[in-house]
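A quick write-up on the structure given underneath.
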Amino acid sequence: MSEDKELSYADAIEEAGSAMGRFPLIPVKGIPLMSHIADNFDAISAFCPDASDLLIATYPKAGTTWTQEIVDLLLHNGDAEACRRAPTPVRSPFLEIWSPPPIPSGLDLLNKMAPPRIIKTHLPIQLVPTGFWEKKCKTIYIARNAKDNMVSYYYFDHMNKTQPEPGPWEGYIHKFMRGELSWGSWYDHVKGYWEAREKKNILYLFYEDMKENPRREVERIMKYLDLTLPDDVISRIVELTSFKNMKENPMANYTCIPKTVFDSSISNFMRKGYSI
Ligand code: PPS
C-alpha cells in the first residue's frame, strides 16, 4: 500500500485516536459551538459556495440525514447503488465540522468535490456564510417538534463522544430550553429560518410531515429542485429512505463512525425515528 494513500473517513477517525474527546463549547456571536468549530469559524464563514450547491439546514437531530438521503437519491434518479458510493458525511459534507487531524474537515471535503454539492449545516441562519444567500443557493430546512428533537439529542449526546457530556435528563431539559446545547437555542433556530423562508426561497419542511406522508414531502423536494421523476422512481426513493431501510444501510446509518466516537452500545444513530 502506498504511504500517501488517502485514509477512509472511518480510518481517519480511528487515527485521530486520543485527540478526539468531548469538546467544550465556546460561544460564537452568542451561539455555543464545539471548540474545534469555534476556533476555525473565520474559515467556515468565508466559505464560498457555488450557485448550484444545495444547503440542508437543521437544528441537530431534526431529520438531516433522512433529507440528505432523499436529495442524493433524487439527484441520482433513485439509483440506490450510486448512493452507496460513500457514507453520508462524505457524500454530503457537514459545512462547519472540524475535527483533529487527519480527519478531514467539512471544508476539506467540500473543496475536493465538484458542485453541485449537498451541504449539511446546523448553523443558525445568522451564522450561515453569506455566500449562500449572495449566490441564491437553494436551501432546505427541516424542523422537528421540540420534544422529540430534544429526546433524540439527549441520546445522541450520550453516544457521541465529541459532544459535551449531557448530564442528567432534568438538567438537560433546562439546558435545551436555555439554548445552552451545541448550536444554541432550538426556538431561535426554527424561528430564524421560518422568518427568512420567503425572502431567501427556503423550502421549510417538518419531520412530522415527512413521517405522515413521505411521498408528498419527497415530491415537494423534487419540485423545489426543479426535477421531474417518474412515479416508480419516486416510490423507490420513498421506500429506500424509510426508517427501516436507512437503519440497515451502512452508507446512511452512521455505522461508518468508529465505536470509540459513536458508541452504539449506548444508542444507535438511527434510534427510533418516532414523531408525536
Ligand atoms: S444529525 O446528527 O443532527 O445529523 O441527526 P439527524 O439526521 O438530523 O437526526 C437523527 C434523527 O432522525 C432519525 N431518522 C429518521 N427518522 C425517520 N425516517 C428516517 N428515514 C430517518 N433517518 C434518520 C434518526 O433515527 C434520529 O431520530 P431518533 O428520534 O433519535 O431516532
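Following the order of the C-alpha cells, first chain is A, next is B, and so on, with residues numbered from 1 inside each chain and ligands from 1 in the order they appear.
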**OP:** Please run DSSP on the backbone and report, as number ranges by chain, all residues within stretch 146-250 of chain A that come out as strand (DSSP E or B).
**Re:** A: 160, 202-206
Please, could you write that set of residues out with N, CA and C atoms as an mmCIF file, in the first residue's frame?
```
data_model
loop_
_atom_site.group_PDB
_atom_site.id
_atom_site.type_symbol
_atom_site.label_atom_id
_atom_site.label_comp_id
_atom_site.auth_asym_id
_atom_site.auth_seq_id
_atom_site.Cartn_x
_atom_site.Cartn_y
_atom_site.Cartn_z
ATOM 1 N N ASN A 160 -22.417 10.131 21.294
ATOM 2 C CA ASN A 160 -21.405 10.830 20.501
ATOM 3 C C ASN A 160 -20.353 11.414 21.441
ATOM 4 N N ILE A 202 -36.396 29.566 0.932
ATOM 5 C CA ILE A 202 -36.059 28.337 1.672
ATOM 6 C C ILE A 202 -37.264 27.398 1.648
ATOM 7 N N LEU A 203 -37.009 26.134 1.300
ATOM 8 C CA LEU A 203 -38.081 25.136 1.412
ATOM 9 C C LEU A 203 -38.101 24.674 2.866
ATOM 10 N N TYR A 204 -39.162 25.017 3.591
ATOM 11 C CA TYR A 204 -39.230 24.752 5.021
ATOM 12 C C TYR A 204 -40.101 23.512 5.240
ATOM 13 N N LEU A 205 -39.490 22.436 5.702
ATOM 14 C CA LEU A 205 -40.213 21.169 5.889
ATOM 15 C C LEU A 205 -40.293 20.804 7.371
ATOM 16 N N PHE A 206 -41.214 19.903 7.669
ATOM 17 C CA PHE A 206 -41.354 19.403 9.038
ATOM 18 C C PHE A 206 -41.147 17.885 9.049
#
```
Original post:
Mind listing the residues within 8 Å of ligand 1, only C-alpha atoms and all ligand atoms counted, as a PyMOL selection string?
Top reply: chain A and resi 58-67+122+148-149+151-153+155-156+207+210-211+241-247+253+268-275
Counting only C-alpha atoms, which residues in stretch 236-268 of chain A sit no more than 12 Å from stretch 7-17 of chain A? For each one, give the nearest pair of atoms and the distance in Å, sorted by chain then residue number, as CSV.
```
residue,atom,partner,partner_atom,distance
A:Met251,CA,A:Ala10,CA,11.8
A:Tyr254,CA,A:Ala10,CA,10.1
A:Thr255,CA,A:Ala10,CA,9.2
A:Cys256,CA,A:Ala10,CA,5.8
A:Ile257,CA,A:Ala10,CA,5.6
A:Pro258,CA,A:Ala10,CA,6.2
A:Lys259,CA,A:Glu14,CA,9.3
A:Thr260,CA,A:Glu14,CA,8.0
A:Val261,CA,A:Ile13,CA,8.1
A:Phe262,CA,A:Ile13,CA,10.7
```
**OP:** Write out as number ranges by chain the residues lying within 12 Å of A:Ala82, counting only C-alpha atoms and excluding same-chain residues fewer than 3 positions away.
**Re:** A: 69, 72-79, 85-87, 91, 251
Atoms to include: N, CA and C atoms. Write the selected residues as a PDB file, in the first residue's frame.
```
ATOM      1  N   GLU A  69     -30.343  11.878   2.345  1.00  0.00           N
ATOM      2  CA  GLU A  69     -30.500  10.648   1.559  1.00  0.00           C
ATOM      3  C   GLU A  69     -31.554  10.847   0.459  1.00  0.00           C
ATOM      4  N   ASP A  72     -29.989  13.042  -2.271  1.00  0.00           N
ATOM      5  CA  ASP A  72     -28.973  12.333  -3.063  1.00  0.00           C
ATOM      6  C   ASP A  72     -29.663  11.383  -4.043  1.00  0.00           C
ATOM      7  N   LEU A  73     -30.688  10.672  -3.559  1.00  0.00           N
ATOM      8  CA  LEU A  73     -31.406   9.745  -4.439  1.00  0.00           C
ATOM      9  C   LEU A  73     -32.136  10.502  -5.549  1.00  0.00           C
ATOM     10  N   LEU A  74     -32.730  11.632  -5.220  1.00  0.00           N
ATOM     11  CA  LEU A  74     -33.421  12.422  -6.261  1.00  0.00           C
ATOM     12  C   LEU A  74     -32.415  12.856  -7.336  1.00  0.00           C
ATOM     13  N   LEU A  75     -31.239  13.278  -6.897  1.00  0.00           N
ATOM     14  CA  LEU A  75     -30.238  13.755  -7.868  1.00  0.00           C
ATOM     15  C   LEU A  75     -29.623  12.602  -8.657  1.00  0.00           C
ATOM     16  N   HIS A  76     -29.779  11.376  -8.152  1.00  0.00           N
ATOM     17  CA  HIS A  76     -29.256  10.201  -8.866  1.00  0.00           C
ATOM     18  C   HIS A  76     -30.384   9.333  -9.400  1.00  0.00           C
ATOM     19  N   ASN A  77     -31.514   9.944  -9.667  1.00  0.00           N
ATOM     20  CA  ASN A  77     -32.628   9.247 -10.313  1.00  0.00           C
ATOM     21  C   ASN A  77     -32.998   7.944  -9.595  1.00  0.00           C
ATOM     22  N   GLY A  78     -32.892   7.954  -8.270  1.00  0.00           N
ATOM     23  CA  GLY A  78     -33.308   6.787  -7.476  1.00  0.00           C
ATOM     24  C   GLY A  78     -32.340   5.619  -7.546  1.00  0.00           C
ATOM     25  N   ASP A  79     -31.113   5.868  -7.978  1.00  0.00           N
ATOM     26  CA  ASP A  79     -30.121   4.793  -8.126  1.00  0.00           C
ATOM     27  C   ASP A  79     -29.488   4.466  -6.762  1.00  0.00           C
ATOM     28  N   ARG A  85     -22.137   5.014  -2.689  1.00  0.00           N
ATOM     29  CA  ARG A  85     -20.735   5.214  -3.080  1.00  0.00           C
ATOM     30  C   ARG A  85     -19.861   5.602  -1.903  1.00  0.00           C
ATOM     31  N   ALA A  86     -20.463   6.130  -0.850  1.00  0.00           N
ATOM     32  CA  ALA A  86     -19.704   6.589   0.331  1.00  0.00           C
ATOM     33  C   ALA A  86     -20.701   6.853   1.453  1.00  0.00           C
ATOM     34  N   PRO A  87     -20.210   6.915   2.703  1.00  0.00           N
ATOM     35  CA  PRO A  87     -21.128   7.227   3.801  1.00  0.00           C
ATOM     36  C   PRO A  87     -21.629   8.678   3.735  1.00  0.00           C
ATOM     37  N   ARG A  91     -20.493  11.854   1.274  1.00  0.00           N
ATOM     38  CA  ARG A  91     -21.318  12.234   0.101  1.00  0.00           C
ATOM     39  C   ARG A  91     -21.858  13.636   0.242  1.00  0.00           C
ATOM     40  N   MET A 251     -24.291   2.859   4.537  1.00  0.00           N
ATOM     41  CA  MET A 251     -23.852   4.144   3.982  1.00  0.00           C
ATOM     42  C   MET A 251     -24.771   5.297   4.421  1.00  0.00           C
TER      43      MET A 251
END
```
Original post:
Between A:Met159, A:Leu225, A:Ala19, A:Ile44, which is the closest to A:Gly131 once you count only C-alpha atoms?
Top reply: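 Among the listed residues, A:Ile44 lies closest to A:Gly131.
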Subject >> Which of stretch 144-261 of chain A fall in helix (DSSP H, G or I), as a PyMOL selection string >> reply: chain A and resi 146-159+169-178+186-196+207-212+214-224+231-240+243-248
Original post:
Contacts of A:His158 at 10 Å or less, counting only C-alpha atoms, minus same-chain residues fewer than 5 places along, as a list of chain:residue names?
Top reply: A:Tyr153, A:Gln163, A:Pro164, A:Glu165, A:Pro166, A:Gly167, A:Phe262, A:Asp263, A:Ser264, A:Ile266, A:Ser267
Subject >> Selection near A:Lys138, 10 Å with only C-alpha atoms, sequence-local residues under 3 positions removed, as a list in words >> reply: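 So the residues in contact are Ala51, Ser52, Asp53, Leu54, Leu55, Ile56, Phe132, Trp133, Lys135, Lys200, Asn201, Ile202, Leu203, Tyr224 and Leu225 of chain A.
Candidate residues A:Asp226, A:Asp188, A:Glu208, A:Glu96 were compared for distance to A:Asn40, and the nearest is A:Glu96, using only C-alpha atoms.
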Original post:
Counting only C-alpha atoms, what is within 6 Å of stretch 175-183 of chain A, bar same-chain residues fewer than 3 positions away, as a ChimeraX atom specification?
Top reply: /A:32-33,172
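Omitting A:Met222 and its sequence neighbours fewer than 6 positions away, and counting only C-alpha atoms, the residues within 10 Å are Ile70, Val71, Leu74, Leu75, Arg216, Thr228, Leu229 and Ile234 of chain A.
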Original post:
Which residue gives the smallest distance to A:His36 among A:Pro101, A:Pro230, A:Pro129, A:Pro93, with only C-alpha atoms counted?
Top reply: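 Smallest distance to A:His36 is found for A:Pro101.
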**OP:** Give the answer as one residue: which of A:Leu110, A:Cys48, A:Ile97, A:Met20 has the shortest atom-to-atom distance to A:Cys137, using only C-alpha atoms?
**Re:**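 Counting only C-alpha atoms, the residue closest to A:Cys137 is A:Cys48.
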Subject >> Residue nearest A:Arg236 among A:Ala38, A:Leu123, A:Ala80, A:Pro104 (counting only C-alpha atoms) >> reply: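 Of all the options, A:Ala80 lies closest to A:Arg236.
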